[in-house]
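**Q** Next comes target39.pdb, PDB, C-alpha atoms and all ligand atoms:
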```
MODEL        1
ATOM      1  CA  MET A   1       0.000   0.000   0.000
ATOM      2  CA  SER A   2       1.605   3.254  -1.040
ATOM      3  CA  LYS A   3      -0.777   5.618   0.781
ATOM      4  CA  PHE A   4      -1.167   5.726   4.534
ATOM      5  CA  SER A   5      -1.998   8.208   7.239
ATOM      6  CA  TYR A   6      -1.254   8.974  10.853
ATOM      7  CA  LYS A   7      -2.647  11.244  13.501
ATOM      8  CA  VAL A   8      -0.928  14.287  14.897
ATOM      9  CA  GLN A   9      -2.410  15.988  17.919
ATOM     10  CA  ASP A  10      -1.496  18.750  20.289
ATOM     11  CA  ILE A  11      -1.673  18.745  24.049
ATOM     12  CA  PHE A  12      -5.188  20.189  23.941
ATOM     13  CA  GLY A  13      -6.507  17.187  22.018
ATOM     14  CA  ASN A  14      -6.848  18.976  18.657
ATOM     15  CA  GLU A  15      -6.296  16.321  16.033
ATOM     16  CA  ASP A  16      -5.040  16.427  12.501
ATOM     17  CA  VAL A  17      -4.640  13.528  10.129
ATOM     18  CA  VAL A  18      -1.625  13.556   7.847
ATOM     19  CA  PHE A  19      -1.924  11.590   4.615
ATOM     20  CA  MET A  20       1.304  10.323   3.185
ATOM     21  CA  ASP A  21       2.414   8.836  -0.055
ATOM     22  CA  LYS A  22       4.969   6.201   0.956
ATOM     23  CA  LYS A  23       6.885   6.268  -2.315
ATOM     24  CA  LYS A  24       7.200  10.050  -2.373
ATOM     25  CA  LYS A  25       7.665  10.213   1.434
ATOM     26  CA  LYS A  26       5.582  13.382   1.497
ATOM     27  CA  PRO A  27       2.072  14.347   2.536
ATOM     28  CA  ASP A  28      -0.634  13.271   0.085
ATOM     29  CA  LEU A  29      -2.888  16.285  -0.374
ATOM     30  CA  PHE A  30      -5.529  14.504  -2.431
ATOM     31  CA  SER A  31      -6.842  12.044   0.128
ATOM     32  CA  ASN A  32      -9.541  12.664   2.691
ATOM     33  CA  TYR A  33     -10.057  11.353   6.185
ATOM     34  CA  GLU A  34     -13.529   9.826   5.625
ATOM     35  CA  GLY A  35     -12.297   8.024   2.542
ATOM     36  CA  PHE A  36      -9.374   6.721   4.514
ATOM     37  CA  LEU A  37     -11.583   5.388   7.308
ATOM     38  CA  ASP A  38     -14.084   3.811   4.884
ATOM     39  CA  LYS A  39     -11.266   1.968   3.226
ATOM     40  CA  PHE A  40     -10.316   0.216   6.438
ATOM     41  CA  GLU A  41     -13.783  -0.228   7.929
ATOM     42  CA  ASP A  42     -13.785  -3.972   7.219
ATOM     43  CA  LYS A  43     -10.465  -4.431   8.953
ATOM     44  CA  LYS A  44     -11.721  -3.199  12.313
ATOM     45  CA  THR A  45     -11.865  -6.627  13.964
ATOM     46  CA  THR A  46     -12.443  -7.179  17.668
ATOM     47  CA  ASP A  47      -8.672  -7.674  17.966
ATOM     48  CA  ASP A  48      -8.254  -3.981  17.317
ATOM     49  CA  CYS A  49      -8.601  -2.228  20.634
ATOM     50  CA  TYR A  50      -9.255   1.430  19.911
ATOM     51  CA  THR A  51      -8.503   3.881  22.677
ATOM     52  CA  PRO A  52     -11.274   6.101  24.088
ATOM     53  CA  LYS A  53     -10.556   9.834  24.175
ATOM     54  CA  GLU A  54     -10.734  10.005  27.994
ATOM     55  CA  VAL A  55      -7.976   7.399  28.230
ATOM     56  CA  MET A  56      -5.745   9.332  25.832
ATOM     57  CA  GLY A  57      -6.521  12.440  27.891
ATOM     58  CA  ILE A  58      -5.254  10.792  31.086
ATOM     59  CA  ILE A  59      -2.105   9.608  29.337
ATOM     60  CA  ILE A  60      -1.323  12.912  27.649
ATOM     61  CA  ASP A  61      -1.783  14.776  30.961
ATOM     62  CA  TYR A  62       0.474  12.235  32.671
ATOM     63  CA  VAL A  63       3.242  12.563  30.084
ATOM     64  CA  ASN A  64       2.901  16.343  30.101
ATOM     65  CA  GLU A  65       3.441  16.445  33.879
ATOM     66  CA  LYS A  66       6.719  14.568  33.515
ATOM     67  CA  TYR A  67       7.857  15.861  30.146
ATOM     68  CA  PRO A  68       6.257  19.166  29.079
ATOM     69  CA  LEU A  69       4.571  18.756  25.718
ATOM     70  CA  ILE A  70       3.921  22.402  24.885
ATOM     71  CA  GLY A  71       5.298  23.011  21.408
ATOM     72  CA  LYS A  72       5.704  19.278  20.758
ATOM     73  CA  LYS A  73       3.904  17.301  18.068
ATOM     74  CA  ILE A  74       2.102  14.309  19.522
ATOM     75  CA  ILE A  75       2.184  11.633  16.837
ATOM     76  CA  ARG A  76      -0.253   8.700  16.759
ATOM     77  CA  PRO A  77       1.057   6.489  13.958
ATOM     78  CA  PHE A  78      -0.844   3.308  14.830
ATOM     79  CA  TYR A  79      -3.949   3.153  12.719
ATOM     80  CA  PRO A  80      -5.616   0.565  10.478
ATOM     81  CA  GLY A  81      -3.380   0.310   7.444
ATOM     82  CA  GLY A  82      -0.759   2.495   9.138
ATOM     83  CA  ASP A  83       2.975   2.159   8.736
ATOM     84  CA  PHE A  84       4.873   3.640  11.662
ATOM     85  CA  GLU A  85       8.211   3.169   9.882
ATOM     86  CA  SER A  86       7.191   5.479   7.064
ATOM     87  CA  VAL A  87       6.091   8.358   9.271
ATOM     88  CA  VAL A  88       8.391  11.363   9.099
ATOM     89  CA  TYR A  89       9.451  12.157  12.680
ATOM     90  CA  ASP A  90      11.444  15.179  13.750
ATOM     91  CA  SER A  91      13.013  16.454  16.968
ATOM     92  CA  GLU A  92       9.642  17.858  18.129
ATOM     93  CA  SER A  93       7.820  14.558  17.638
ATOM     94  CA  VAL A  94       6.608  12.601  20.642
ATOM     95  CA  VAL A  95       4.865   9.337  19.852
ATOM     96  CA  ILE A  96       2.029   8.707  22.308
ATOM     97  CA  ASP A  97      -0.204   5.903  21.151
ATOM     98  CA  ASN A  98      -1.654   2.453  21.614
ATOM     99  CA  PRO A  99       0.290   0.268  19.162
ATOM    100  CA  PRO A 100      -0.352  -3.319  18.035
ATOM    101  CA  PHE A 101       0.908  -5.289  21.053
ATOM    102  CA  SER A 102       2.185  -8.131  18.878
ATOM    103  CA  ILE A 103       5.065  -5.985  17.563
ATOM    104  CA  ILE A 104       5.657  -3.792  20.620
ATOM    105  CA  SER A 105       9.345  -4.801  20.999
ATOM    106  CA  LYS A 106      10.084  -4.051  17.356
ATOM    107  CA  ILE A 107       8.374  -0.651  17.696
ATOM    108  CA  CYS A 108      10.324   0.303  20.848
ATOM    109  CA  LYS A 109      13.618  -0.710  19.270
ATOM    110  CA  TYR A 110      12.818   1.305  16.141
ATOM    111  CA  TYR A 111      12.221   4.471  18.189
ATOM    112  CA  ILE A 112      15.128   3.911  20.573
ATOM    113  CA  GLN A 113      17.577   3.482  17.678
ATOM    114  CA  ARG A 114      16.411   6.766  16.161
ATOM    115  CA  ASP A 115      16.120   8.611  19.493
ATOM    116  CA  ILE A 116      12.446   9.342  18.859
ATOM    117  CA  LYS A 117      10.575  10.008  22.102
ATOM    118  CA  PHE A 118       7.734   7.606  22.774
ATOM    119  CA  PHE A 119       5.163   6.673  25.398
ATOM    120  CA  LEU A 120       3.291   3.554  24.356
ATOM    121  CA  PHE A 121       0.613   1.270  25.722
ATOM    122  CA  CYS A 122       1.739  -2.333  26.242
ATOM    123  CA  PRO A 123       0.340  -5.516  27.782
ATOM    124  CA  HIS A 124       0.461  -5.501  31.583
ATOM    125  CA  LEU A 125       1.184  -9.170  32.270
ATOM    126  CA  THR A 126       4.109  -9.407  29.863
ATOM    127  CA  ALA A 127       5.364  -5.879  30.514
ATOM    128  CA  PHE A 128       8.798  -7.137  31.624
ATOM    129  CA  SER A 129       9.170  -9.915  29.084
ATOM    130  CA  SER A 130      11.516  -8.082  26.669
ATOM    131  CA  ASP A 131      14.788  -6.619  27.853
ATOM    132  CA  ILE A 132      14.507  -3.278  26.092
ATOM    133  CA  ASP A 133      16.327  -0.119  27.171
ATOM    134  CA  CYS A 134      13.291   1.827  28.287
ATOM    135  CA  THR A 135      11.155   2.589  31.334
ATOM    136  CA  HIS A 136       8.236   0.328  32.236
ATOM    137  CA  ILE A 137       5.320   2.223  33.776
ATOM    138  CA  ILE A 138       2.984  -0.023  35.755
ATOM    139  CA  ALA A 139      -0.334   1.476  36.835
ATOM    140  CA  SER A 140      -2.437  -1.709  36.967
ATOM    141  CA  ALA A 141      -4.720   0.156  34.584
ATOM    142  CA  ASP A 142      -7.893  -1.679  33.579
ATOM    143  CA  ILE A 143      -8.772   0.073  30.349
ATOM    144  CA  THR A 144     -12.098  -0.434  28.593
ATOM    145  CA  TYR A 145     -11.332  -0.046  24.899
ATOM    146  CA  GLU A 146     -13.872   1.068  22.276
ATOM    147  CA  ASN A 147     -14.758  -2.561  21.454
ATOM    148  CA  GLY A 148     -15.720  -3.120  25.107
ATOM    149  CA  ALA A 149     -12.700  -5.294  25.898
ATOM    150  CA  ILE A 150     -11.216  -4.588  29.331
ATOM    151  CA  VAL A 151      -7.466  -5.049  29.088
ATOM    152  CA  LYS A 152      -5.024  -4.526  31.933
ATOM    153  CA  THR A 153      -2.521  -2.203  30.336
ATOM    154  CA  ALA A 154       0.980  -0.949  31.167
ATOM    155  CA  PHE A 155       3.159   1.556  29.351
ATOM    156  CA  VAL A 156       6.701   1.812  27.982
ATOM    157  CA  SER A 157       8.650   4.953  27.361
ATOM    158  CA  ASN A 158      12.116   6.342  26.652
ATOM    159  CA  MET A 159      11.301   9.687  28.283
ATOM    160  CA  PHE A 160      12.162   8.874  31.906
ATOM    161  CA  GLY A 161      15.956   8.834  31.818
ATOM    162  CA  ASN A 162      17.595   6.254  34.064
ATOM    163  CA  LEU A 163      14.413   4.951  35.604
ATOM    164  CA  LYS A 164      13.748   1.336  34.689
ATOM    165  CA  ILE A 165      10.475   0.700  36.531
ATOM    166  CA  ILE A 166       7.837   3.166  37.687
ATOM    167  CA  GLY A 167       4.909   1.852  39.708
ATOM    168  CA  ASP A 168       2.565   4.825  39.681
ATOM    169  CA  ALA A 169      -0.222   4.763  42.268
ATOM    170  CA  ALA A 170      -1.654   8.146  41.208
ATOM    171  CA  LEU A 171      -1.977   6.974  37.602
ATOM    172  CA  CYS A 172      -3.599   3.741  38.831
ATOM    173  CA  GLN A 173      -6.126   5.833  40.770
ATOM    174  CA  LYS A 174      -6.969   7.935  37.664
ATOM    175  CA  PHE A 175      -7.834   4.787  35.701
ATOM    176  CA  LYS A 176      -9.842   3.391  38.630
ATOM    177  CA  GLU A 177     -11.861   6.598  38.758
ATOM    178  CA  LEU A 178     -12.461   6.480  34.999
ATOM    179  CA  GLN A 179     -13.692   2.864  35.239
ATOM    180  CA  GLU A 180     -16.043   3.874  38.072
ATOM    181  CA  ARG A 181     -17.409   6.802  36.034
ATOM    182  CA  ASN A 182     -17.936   4.539  33.024
ATOM    183  CA  LYS A 183     -19.730   1.949  35.166
ATOM    184  CA  ALA A 184     -22.035   4.571  36.667
ATOM    185  CA  ASN A 185     -23.018   5.775  33.180
ATOM    186  CA  LEU A 186     -23.975   2.321  31.877
ATOM    187  CA  PRO A 187     -27.754   1.864  31.609
ATOM    188  CA  LYS A 188     -29.197  -0.815  33.898
ATOM    189  CA  TYR A 189     -31.902  -3.017  32.405
ATOM    190  CA  GLU A 190     -34.887  -3.997  34.460
ATOM    191  CA  TYR A 191     -37.045  -6.883  33.237
ATOM    192  CA  PRO A 192     -40.686  -7.766  33.967
ATOM    193  CA  GLU A 193     -41.462 -10.598  36.392
ATOM    194  CA  HIS A 194     -42.234 -12.921  33.486
ATOM    195  CA  ILE A 195     -38.679 -12.737  32.242
ATOM    196  CA  ILE A 196     -36.135 -14.726  34.241
ATOM    197  CA  THR A 197     -32.460 -14.010  33.686
ATOM    198  CA  VAL A 198     -29.528 -15.734  35.320
ATOM    199  CA  SER A 199     -28.826 -12.525  37.247
ATOM    200  CA  LYS A 200     -32.306 -12.612  38.807
ATOM    201  CA  VAL A 201     -31.722 -16.132  40.096
ATOM    202  CA  ALA A 202     -28.192 -15.231  41.214
ATOM    203  CA  TYR A 203     -29.539 -12.235  43.118
ATOM    204  CA  CYS A 204     -31.874 -14.500  45.113
ATOM    205  CA  VAL A 205     -29.377 -17.236  45.920
ATOM    206  CA  GLU A 206     -26.687 -14.741  46.891
ATOM    207  CA  LYS A 207     -29.125 -13.367  49.471
ATOM    208  CA  GLY A 208     -29.789 -16.874  50.753
ATOM    209  CA  VAL A 209     -33.127 -17.454  48.967
ATOM    210  CA  SER A 210     -33.556 -20.651  46.872
ATOM    211  CA  LEU A 211     -35.782 -20.932  43.843
ATOM    212  CA  ALA A 212     -37.019 -23.754  41.545
ATOM    213  CA  ILE A 213     -38.986 -23.423  38.281
ATOM    214  CA  GLU A 214     -40.428 -26.293  36.246
ATOM    215  CA  LYS A 215     -39.654 -26.961  32.567
ATOM    216  CA  ALA A 216     -43.343 -26.711  31.614
ATOM    217  CA  ASP A 217     -43.433 -23.121  32.900
ATOM    218  CA  VAL A 218     -40.757 -21.657  30.654
ATOM    219  CA  LYS A 219     -39.960 -20.818  27.068
ATOM    220  CA  HIS A 220     -36.315 -20.130  26.200
ATOM    221  CA  TYR A 221     -36.015 -16.492  25.141
ATOM    222  CA  ARG A 222     -33.210 -14.499  23.540
ATOM    223  CA  ALA A 223     -34.696 -11.015  23.198
ATOM    224  CA  MET A 224     -37.920  -9.281  24.183
ATOM    225  CA  ASP A 225     -39.940  -7.629  21.442
ATOM    226  CA  ALA A 226     -39.399  -4.274  23.159
ATOM    227  CA  GLN A 227     -35.654  -4.807  22.908
ATOM    228  CA  LYS A 228     -35.472  -6.049  19.331
ATOM    229  CA  LYS A 229     -36.359  -2.699  17.816
ATOM    230  CA  HIS A 230     -33.401  -1.197  19.712
ATOM    231  CA  GLY A 231     -31.097  -3.996  18.588
ATOM    232  CA  LYS A 232     -30.847  -5.199  22.209
ATOM    233  CA  ALA A 233     -31.260  -8.666  23.691
ATOM    234  CA  LEU A 234     -31.351 -10.477  27.008
ATOM    235  CA  PHE A 235     -27.701 -10.676  28.006
ATOM    236  CA  GLY A 236     -26.880 -14.393  28.058
ATOM    237  CA  SER A 237     -30.513 -15.156  27.068
ATOM    238  CA  GLY A 238     -33.234 -16.093  29.569
ATOM    239  CA  PHE A 239     -36.760 -17.460  29.887
ATOM    240  CA  LEU A 240     -40.270 -16.130  29.336
ATOM    241  CA  VAL A 241     -42.236 -17.805  32.114
ATOM    242  CA  SER A 242     -45.796 -18.613  33.195
ATOM    243  CA  ASN A 243     -47.753 -16.617  35.792
ATOM    244  CA  LYS A 244     -47.009 -19.340  38.358
ATOM    245  CA  ALA A 245     -43.228 -19.206  37.749
ATOM    246  CA  ALA A 246     -43.206 -15.415  37.612
ATOM    247  CA  ALA A 247     -44.998 -15.278  40.961
ATOM    248  CA  ALA A 248     -42.515 -17.741  42.476
ATOM    249  CA  ALA A 249     -39.553 -15.738  41.200
ATOM    250  CA  ALA A 250     -41.098 -12.463  42.392
ATOM    251  CA  ALA A 251     -41.687 -13.948  45.823
ATOM    252  CA  ALA A 252     -38.081 -15.132  45.956
ATOM    253  CA  ALA A 253     -36.854 -11.689  44.921
ATOM    254  CA  ALA A 254     -39.071 -10.056  47.538
ATOM    255  CA  ALA A 255     -37.681 -12.401  50.145
ATOM    256  CA  ALA A 256     -34.155 -11.367  49.181
ATOM    257  CA  ALA A 257     -32.846  -8.082  50.481
ATOM    258  CA  ALA A 258     -34.603  -4.962  49.144
ATOM    259  CA  ALA A 259     -33.122  -3.923  45.831
ATOM    260  CA  LYS A 260     -30.966  -0.821  45.914
ATOM    261  CA  LYS A 261     -32.528   2.015  43.933
ATOM    262  CA  MET A 262     -30.338   2.624  40.909
ATOM    263  CA  ASP A 263     -30.179   5.566  38.523
ATOM    264  CA  ASN A 264     -30.449   5.161  34.800
ATOM    265  CA  VAL A 265     -32.783   2.132  34.937
ATOM    266  CA  ILE A 266     -34.523   1.080  31.712
ATOM    267  CA  THR A 267     -37.703  -0.958  32.264
ATOM    268  CA  TRP A 268     -38.571  -3.310  29.387
ATOM    269  CA  GLU A 269     -42.347  -3.973  29.072
ATOM    270  CA  LEU A 270     -43.946  -7.216  27.839
ATOM    271  CA  SER A 271     -45.514  -7.052  24.351
ATOM    272  CA  GLU A 272     -49.057  -8.288  23.609
ATOM    273  CA  LYS A 273     -47.536 -11.323  21.850
ATOM    274  CA  GLU A 274     -45.509 -12.140  24.948
ATOM    275  CA  LYS A 275     -48.581 -11.770  27.155
ATOM    276  CA  GLN A 276     -50.381 -14.274  24.897
ATOM    277  CA  ILE A 277     -47.485 -16.755  25.203
ATOM    278  CA  ILE A 278     -47.674 -16.361  28.972
ATOM    279  CA  GLU A 279     -51.427 -17.029  28.859
ATOM    280  CA  ARG A 280     -50.789 -20.248  26.927
ATOM    281  CA  LEU A 281     -48.003 -21.266  29.315
ATOM    282  CA  SER A 282     -50.271 -20.615  32.267
ATOM    283  CA  LYS A 283     -53.153 -22.859  31.103
TER     284      LYS A 283
HETATM  285  C1  LIG B   1      -4.351  -1.444  19.308
HETATM  286  S1  LIG B   1      -4.839  -0.649  17.843
HETATM  287  C2  LIG B   1      -4.920   1.029  18.379
HETATM  288  C3  LIG B   1      -5.361   2.007  17.363
HETATM  289  C4  LIG B   1      -5.179   3.467  17.779
HETATM  290  N1  LIG B   1      -3.776   3.786  17.895
HETATM  291  C5  LIG B   1      -5.878   3.755  19.079
HETATM  292  O1  LIG B   1      -5.221   4.042  20.070
HETATM  293  O2  LIG B   1      -7.131   3.721  19.097
HETATM  294  C6  LIG B   1      -3.335  -0.744  16.946
HETATM  295  C7  LIG B   1      -3.471  -0.324  15.500
HETATM  296  O3  LIG B   1      -2.183  -0.387  14.871
HETATM  297  C8  LIG B   1      -2.357  -0.786  13.523
HETATM  298  N2  LIG B   1      -1.083  -1.300  13.018
HETATM  299  C9  LIG B   1      -0.677  -2.593  12.855
HETATM  300  N3  LIG B   1       0.573  -2.634  12.347
HETATM  301  C10 LIG B   1       0.961  -1.340  12.171
HETATM  302  C11 LIG B   1       2.138  -0.706  11.675
HETATM  303  N4  LIG B   1       3.186  -1.423  11.244
HETATM  304  N5  LIG B   1       2.186   0.635  11.653
HETATM  305  C12 LIG B   1       1.150   1.387  12.075
HETATM  306  N6  LIG B   1      -0.007   0.848  12.555
HETATM  307  C13 LIG B   1      -0.096  -0.490  12.596
HETATM  308  C14 LIG B   1      -3.468  -1.832  13.635
HETATM  309  O4  LIG B   1      -4.114  -1.986  12.399
HETATM  310  C15 LIG B   1      -4.384  -1.219  14.691
HETATM  311  O5  LIG B   1      -5.355  -0.410  14.087
ENDMDL
END
```
Translate the structure described by the file into structure tokens.

**A**
Amino acid sequence: MSKFSYKVQDIFGNEDVVFMDKKKKKPDLFSNYEGFLDKFEDKKTTDDCYTPKEVMGIIIDYVNEKYPLIGKKIIRPFYPGGDFESVVYDSESVVIDNPPFSIISKICKYYIQRDIKFFLFCPHLTAFSSDIDCTHIIASADITYENGAIVKTAFVSNMFGNLKIIGDAALCQKFKELQERNKANLPKYEYPEHIITVSKVAYCVEKGVSLAIEKADVKHYRAMDAQKKHGKALFGSGFLVSNKAAAAAAAAAAAAAAAKKMDNVITWELSEKEKQIIERLSK
């Protein structure tokens, strides 16, 4: 592929995309960003963990505290179809990005050999597995990437002089707080009594209340009609159940400790069709 692009951003998060022609080693002025993204849409597999803006914000602030970035060009060369070896770096370039973990050692060596400053995401568990001349920053950071994958992430950098290992509790705390904020913003689904999910049963047993439902009282169910139009489903599937089973489950839930009132609750209602199925199940 002779054309590729990379992102350049400043410390305030303003982004620019530079399009390059690999053969000419100069910016390609005839491409456009949307076209570039469309081209690689199919290649966005679940293996590609894209970094949310808030995460990049935490990292850029962190680097800036240790190594002032004012006047520097923050380069993000790792992109679908990207080629970090063809990017033109200069003395003002600082690479801050989430690279493909499979070639992290090769990437670090490339930058170290050329004295290009970098701060890169890397896998937490294997953070010490390559003996590379850089600093390992461990923050025990559980990062939720754009594809929903939660990956414990560490960082590597050549911007911390003689330090080999940094265990940073303050950075750990920042990621913990972000995870908490993200959790609080997730919608909670509430289902009618005639829908039994594994979580409903778990809730009862964890509070010491047992529950048993007969086969004749249930129909296996993947998604409620109310959910389908929103492209949603019962997480892990569940059962649409008879009046008798619904009453038993409701009694068990009532016997368990009172549910904590939660914000952001979405209540899914039964459709007419589902009510008819329940009628049939209840006869
Ligand atoms: C973990 S993803 C992160 C993407 C983006 N940097 C982010 O933070 O959201 C790594 C990306 O690097 C791309 N990649 C793979 N090999 C590359 C290379 N040699 N040069 C540049 N990018 C590459 C992959 O296609 C993938 O999109």

**Q** Please define a box with edges along x, y and z of the file around all atoms of ligand LIG 1 (chain B) given in the file, extend it by 8 Å on each side, and return its centre and edge lengths in Å to one decimal, as lines of an AutoDock Vina configuration file.

**A**
```
center_x = -2.0
center_y = 0.7
center_z = 15.7
size_x = 26.3
size_y = 22.7
size_z = 24.8
```

**Q** Do you know which residues are at most 9 Å from Ile59 in chain A counting only C-alpha atoms, after dropping those on the same chain fewer than 3 positions away, and could you put them as a ChimeraX atom specification?

**A** /A:54-56,62-64,96,119,171

**Q** When the cut-off is 6 Å and you count only C-alpha atoms and all ligand atoms, which residues lie near ligand LIG 1 (chain B), shown as an MDAnalysis selection string?

**A** chainID A and resid 48:51 77:84 97:100

**Q** I'd like the neighbourhood of range 177-194 of chain A as JSON, numbers by chain, where a residue qualifies if any of its atoms comes within 9 Å (using only C-alpha atoms), though same-chain residues fewer than 5 positions away should be ignored.

**A** {"A": [54, 55, 142, 143, 144, 172, 239, 240, 241, 242, 243, 245, 246, 247, 249, 250, 262, 263, 264, 265, 266, 267, 268, 269, 270, 278]}

**Q** One decimal, Å: what's the distance from CA of Asp168 in chain A over to CA of Ile138 in chain A, could you say?

**A** 6.3 Å

**Q** Pick out the closest residue to Asn147 in chain A from this set: A:Glu272, A:Pro52, A:Leu120, A:Thr197. Count all atoms listed in the file.

**A**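 Distance minimum relative to Asn147 in chain A lands on A:Pro52.
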
**Q** For CA of Asn162 in chain A and CA of Glu65 in chain A, determine how far apart the two atoms are, in Å to one decimal place.

**A**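 Value for the CA of Asn162 in chain A-CA of Glu65 in chain A distance: 17.4 Å.
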
**Q** Looking at A:Leu163, A:Cys108, A:Ala254, A:Met224, which one is nearest to Cys204 in chain A, with distances taken over all atoms listed in the file?

**A**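 Selected residue with least distance to Cys204 in chain A: A:Ala254.
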
**Q** Just how far from CA of Ala127 in chain A is CA of Lys72 in chain A, in Å to one decimal?

**A**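 Interatomic distance here is 27.0 Å.
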
**Q** Name the residues that the PyMOL selection byres (((chain A and resi 157) around 10) and not hetatm) pulls out of this structure, and write them as a PyMOL selection string.

**A** chain A and resi 63+95-96+108+111-112+117-121+133-137+155-156+158-161+164

**Q** What's the 8 Å shell around Lys152 in chain A, counting only C-alpha atoms, without same-chain residues fewer than 6 positions away, as a PDB file with C-alpha atoms, in the frame of the given file?

**A**
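And here's out-v9.pdb as it stands now:
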```
ATOM      1  CA  PRO A 123       0.340  -5.516  27.782  1.00  0.00           C
ATOM      2  CA  HIS A 124       0.461  -5.501  31.583  1.00  0.00           C
ATOM      3  CA  LEU A 125       1.184  -9.170  32.270  1.00  0.00           C
ATOM      4  CA  SER A 140      -2.437  -1.709  36.967  1.00  0.00           C
ATOM      5  CA  ALA A 141      -4.720   0.156  34.584  1.00  0.00           C
ATOM      6  CA  ASP A 142      -7.893  -1.679  33.579  1.00  0.00           C
ATOM      7  CA  ILE A 143      -8.772   0.073  30.349  1.00  0.00           C
TER       8      ILE A 143
END
```

**Q** So, counting all atoms listed in the file, which residue among A:Glu85, A:Asp90, A:Asp217, A:Asp61 is closest to Ala248 in chain A?

**A**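 Using all atoms listed in the file, the shortest distance to Ala248 in chain A belongs to A:Asp217.
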
**Q** Please expand the PyMOL selection byres (((chain A and resi 71) around 12) and not hetatm) into the concrete residues it hits in this file, giving the result as a VMD selection string.

**A** chain A and resid 9 to 12 64 67 to 70 72 to 74 91 to 94

**Q** Please determine, counting all atoms listed in the file, which residue among A:Ile107, A:Ala253, A:Ile166, A:Val87 has the shortest atom-to-atom distance to Lys200 in chain A.

**A**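 Nearest to Lys200 in chain A: A:Ala253.
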
**Q** Go through A:Ser237, A:Ser210, A:Ser102, A:Gln227 one by one, measure the shortest atom-to-atom distance of each to Ala256 in chain A using only C-alpha atoms, and give the residue with the smallest value.

**A** A:Ser210

**Q** Calculated over all atoms listed in the file, which of the candidates A:Ala149, A:Ala226, A:Ile132, A:Ala252 has the smallest distance to Ile196 in chain A?

**A** A:Ala252
